[in-house]
Amino acid sequence: MNEQRLRALLRSGEDDTRPPATADLLEGVRLRLRRRTQRQAGVTVAATILLVSTLVVSQRLEPVGPRVVQTDRPAAVTMDGKELPDYAAEADLRAALVQRMIAGERAAARIRELEAELARPLPDLRVSTRTQVELAAATLFRAGERVRNELRTASAGCRQYQAVIEVYPETAWAQLARRRLADCPGS
Amino acid sequence: MRQPVADRVDSARPGDAGAADAAARFTALVESERVHVHRLVRRLLGAGGEVDDVLQDVFTRAWLNWDRVRQLDAPGAWLSRVAINACRARMRRQRLWRLWFRQTRPAAATRTDARDDPARVRAALAGLGHADREVLVLRYLEELSTDDVAGLLGLSRAAVDARLSRARRRLGDVLGDRHE
């Protein structure tokens with residue numbers, strides 16, 4: 001098929017439909033533009049409705065009121081903006097501090113006592129020993145006195161005087177025992 | 001961002017000289033190009049109710065792109081390109097529609113028909129694919145040169161020649177005329 005014949009064939013197949021009038025075409029364009037504007041507005045409205053619906057649904061899914069959190073701990077009670085656990089911790093801290101202060105005071109008092117004890121002058125061992133010796137000599141002498149005066153056994157009392165003189169010769173009780181012994185029979 | 005001409009015209013106050021001038025120039029473009037665009041769309045799609053629909057679509061796009069179209073030296077070529085793309089989209093939609101509803105293509109011409117019967121030629125042309133139909137319409141009915149066809153379709157000259165050759169062969173097969 002050559003080009004001339006092809007061209008003729010194609011032209012023979014053409015129909016003679018007339019184009020629309022300019023006014024009709026412009027009216028069609030105007031309607032399309034109006035529909036396009038309405039469609040854009042519809043899309044905007046639909047998007048807004050969808051957004052609002054999503055927000056409303058998401059709000060309704062949330063529990064109304066304060067959120068309740070399930071925990072093992074009891075619900076915290078607030079006082080002056082602080083929770084009780086905070087007060088408890090603070091109280092524990094202060095109690096520990098007071099205990100440490102009391103222990104420190106006790107230690108200081110003990111130290112003061114020890115210092116005072118150290119500052120006290122040591123007793124004279126010779127005096128105390130002398131006193132003990134005097135006490136022992138007195139006890140022995142009194143025993144001799146009781147034997148001689150109450151039991152009326154002069155010989156037994158004289159032995160007690162003799163013992164005082166022998167055991168505690170340097171005491172005043174020994175001198176007194178010598179005088180008593182001088183009165184004993186057979187001296 | 002500049003406001004489109006259509007919006008400017010719609011929102012123009014009476015006495016808005018710029019909007020009125022744009023509307024007047026657009027009306028003049030429609031008046032001068034409507035026959036050419038209508039003929040091209042009718043040749044590409046075949047006679048039917050969709051021709052006027054596509055025609056309105058083409059000029060609506062021109063209106064929406066008026067800031068660009070009014071500066072063109074040859075707005076007719078731009079309109080032709082838009083019309084070709086609109087026809088391609090329409091034919092693609094028709095093909096999907098047929099596949100979806102398992103419809104058949106328009107009845108192709110048979111070799112027993114009279115060779116020069118106009119209805120048979122129209123049926124043979126409608127039976128071709130849109131790529132074949134485009135090159136035949138532009139080259140032999142619109143009387144464009146091969147270079148112009150290549151420019152409109154965004155193809156190389158060699159590709160246009162190849163498509164023309166293939167389209168002629170297929171049309172000849174359908175019409176039973178392969179004598180070159």
# chains A, B, ... in the order shown; residues from 1 in each chain; ligands from 1
>>> interface_residues(of="chain A", to="chain B", cutoff="7 Å", atoms="only C-alpha atoms", output="ChimeraX atom specification")
/A:1-2,7,9-13,19,22,25,28-29
>>> residues_around(residues="Arg157 in chain B", least_positions_apart="5", cutoff="12 Å", atoms="only C-alpha atoms", output="compact mmCIF listing (two decimals) with all heavy atoms, in the first residue's frame")
# COMPACT_ATOMS: atom_id res chain seq x y z
N VAL B 135 0.82 7.53 14.86
CA VAL B 135 1.74 7.90 13.77
C VAL B 135 0.98 7.99 12.44
O VAL B 135 1.26 8.88 11.61
CB VAL B 135 2.92 6.90 13.66
CG1 VAL B 135 3.85 7.08 14.81
CG2 VAL B 135 2.46 5.47 13.54
N SER B 145 5.21 16.48 8.98
CA SER B 145 6.44 15.83 8.54
C SER B 145 6.89 14.82 9.58
O SER B 145 6.43 14.84 10.73
CB SER B 145 7.54 16.89 8.35
OG SER B 145 7.88 17.43 9.60
N THR B 146 7.80 13.96 9.18
CA THR B 146 8.31 12.96 10.12
C THR B 146 8.97 13.62 11.32
O THR B 146 8.82 13.17 12.46
CB THR B 146 9.31 12.02 9.42
OG1 THR B 146 8.70 11.50 8.23
CG2 THR B 146 9.74 10.88 10.30
N ASP B 147 9.67 14.73 11.06
CA ASP B 147 10.32 15.44 12.17
C ASP B 147 9.29 16.01 13.13
O ASP B 147 9.48 15.97 14.35
CB ASP B 147 11.20 16.56 11.61
CG ASP B 147 12.44 16.01 10.93
OD1 ASP B 147 12.85 14.89 11.29
OD2 ASP B 147 12.98 16.68 10.03
N ASP B 148 8.21 16.57 12.58
CA ASP B 148 7.18 17.14 13.46
C ASP B 148 6.51 16.05 14.29
O ASP B 148 6.20 16.24 15.47
CB ASP B 148 6.13 17.88 12.63
CG ASP B 148 6.69 19.17 12.05
OD1 ASP B 148 7.72 19.65 12.57
OD2 ASP B 148 6.12 19.68 11.07
N VAL B 149 6.27 14.90 13.63
CA VAL B 149 5.66 13.77 14.36
C VAL B 149 6.60 13.33 15.48
O VAL B 149 6.17 13.09 16.63
CB VAL B 149 5.38 12.59 13.40
CG1 VAL B 149 4.90 11.37 14.19
CG2 VAL B 149 4.34 12.99 12.37
N ALA B 150 7.90 13.26 15.17
CA ALA B 150 8.88 12.85 16.18
C ALA B 150 8.89 13.85 17.33
O ALA B 150 8.95 13.46 18.51
CB ALA B 150 10.27 12.75 15.55
N GLY B 151 8.81 15.15 17.01
CA GLY B 151 8.81 16.17 18.06
C GLY B 151 7.56 16.08 18.93
O GLY B 151 7.64 16.22 20.16
N LEU B 152 6.41 15.84 18.30
CA LEU B 152 5.17 15.77 19.07
C LEU B 152 5.13 14.55 19.98
O LEU B 152 4.64 14.62 21.11
CB LEU B 152 3.97 15.72 18.11
CG LEU B 152 3.31 17.04 17.74
CD1 LEU B 152 2.14 16.78 16.79
CD2 LEU B 152 2.82 17.76 18.98
N ALA B 162 10.08 3.66 11.87
CA ALA B 162 9.82 2.25 12.19
C ALA B 162 8.36 2.04 12.55
O ALA B 162 7.72 1.07 12.11
CB ALA B 162 10.74 1.81 13.34
N ARG B 163 7.84 2.96 13.35
CA ARG B 163 6.43 2.82 13.76
C ARG B 163 5.50 2.99 12.56
O ARG B 163 4.49 2.29 12.43
CB ARG B 163 6.07 3.89 14.80
CG ARG B 163 6.55 3.52 16.17
CD ARG B 163 5.84 4.38 17.19
NE ARG B 163 6.37 4.15 18.52
CZ ARG B 163 5.88 4.69 19.62
NH1 ARG B 163 4.86 5.54 19.53
NH2 ARG B 163 6.40 4.44 20.77
N LEU B 164 5.87 3.91 11.66
CA LEU B 164 5.04 4.12 10.47
C LEU B 164 5.01 2.85 9.61
O LEU B 164 3.96 2.43 9.11
CB LEU B 164 5.59 5.29 9.65
CG LEU B 164 5.07 6.69 10.03
CD1 LEU B 164 5.82 7.76 9.25
CD2 LEU B 164 3.58 6.79 9.74
>>> closest_residue(among="B:Arg25, B:Leu138, B:Gly76, B:Gly18", to="Leu44 in chain B", atoms="only C-alpha atoms")
B:Leu138
>>> closest_residue(among="B:Leu144, B:Cys87, B:Ala131, B:Leu96", to="Ser165 in chain B", atoms="only C-alpha atoms")
B:Ala131
>>> atom_distance(atom1="CA of Ala108 in chain A", atom2="CA of Ala91 in chain A")
25.6 Å
>>> atom_distance(atom1="CA of Glu50 in chain B", atom2="CA of Met91 in chain B")
10.4 Å
>>> select_by_dssp(residues="chain A", states="strand (DSSP E)", output="list of chain:residue names")
A:Thr78, A:Met79, A:Lys82, A:Glu83
>>> write_last_selection(atoms="C-alpha atoms", output="mmCIF file, in the first residue's frame")
data_model
loop_
_atom_site.group_PDB
_atom_site.id
_atom_site.type_symbol
_atom_site.label_atom_id
_atom_site.label_comp_id
_atom_site.auth_asym_id
_atom_site.auth_seq_id
_atom_site.Cartn_x
_atom_site.Cartn_y
_atom_site.Cartn_z
ATOM 1 C CA THR A 78 0.575 14.212 98.626
ATOM 2 C CA MET A 79 1.083 16.765 101.352
ATOM 3 C CA LYS A 82 5.436 16.333 98.519
ATOM 4 C CA GLU A 83 4.621 12.681 98.547
#
>>> select_by_dssp(residues="range 9-125 of chain A", states="helix (DSSP H, G or I)", output="PyMOL selection string")
chain A and resi 9-12+22-61+84-119+125
>>> atom_distance(atom1="CA of Gln175 in chain A", atom2="CA of Ala137 in chain A")
10.8 Å
>>> residues_around(residues="range 154-163 of chain A", least_positions_apart="3", cutoff="9 Å", atoms="only C-alpha atoms", output="list in words")
Leu140, Phe141, Arg142, Ala143, Gly144, Glu145, Arg146, Val147, Arg148, Asn149, Leu151, Glu166, Val167, Tyr168, Trp173, Ala174, Leu176, Ala177, Arg178, Arg180, Leu181, Cys184 and Pro185 of chain A
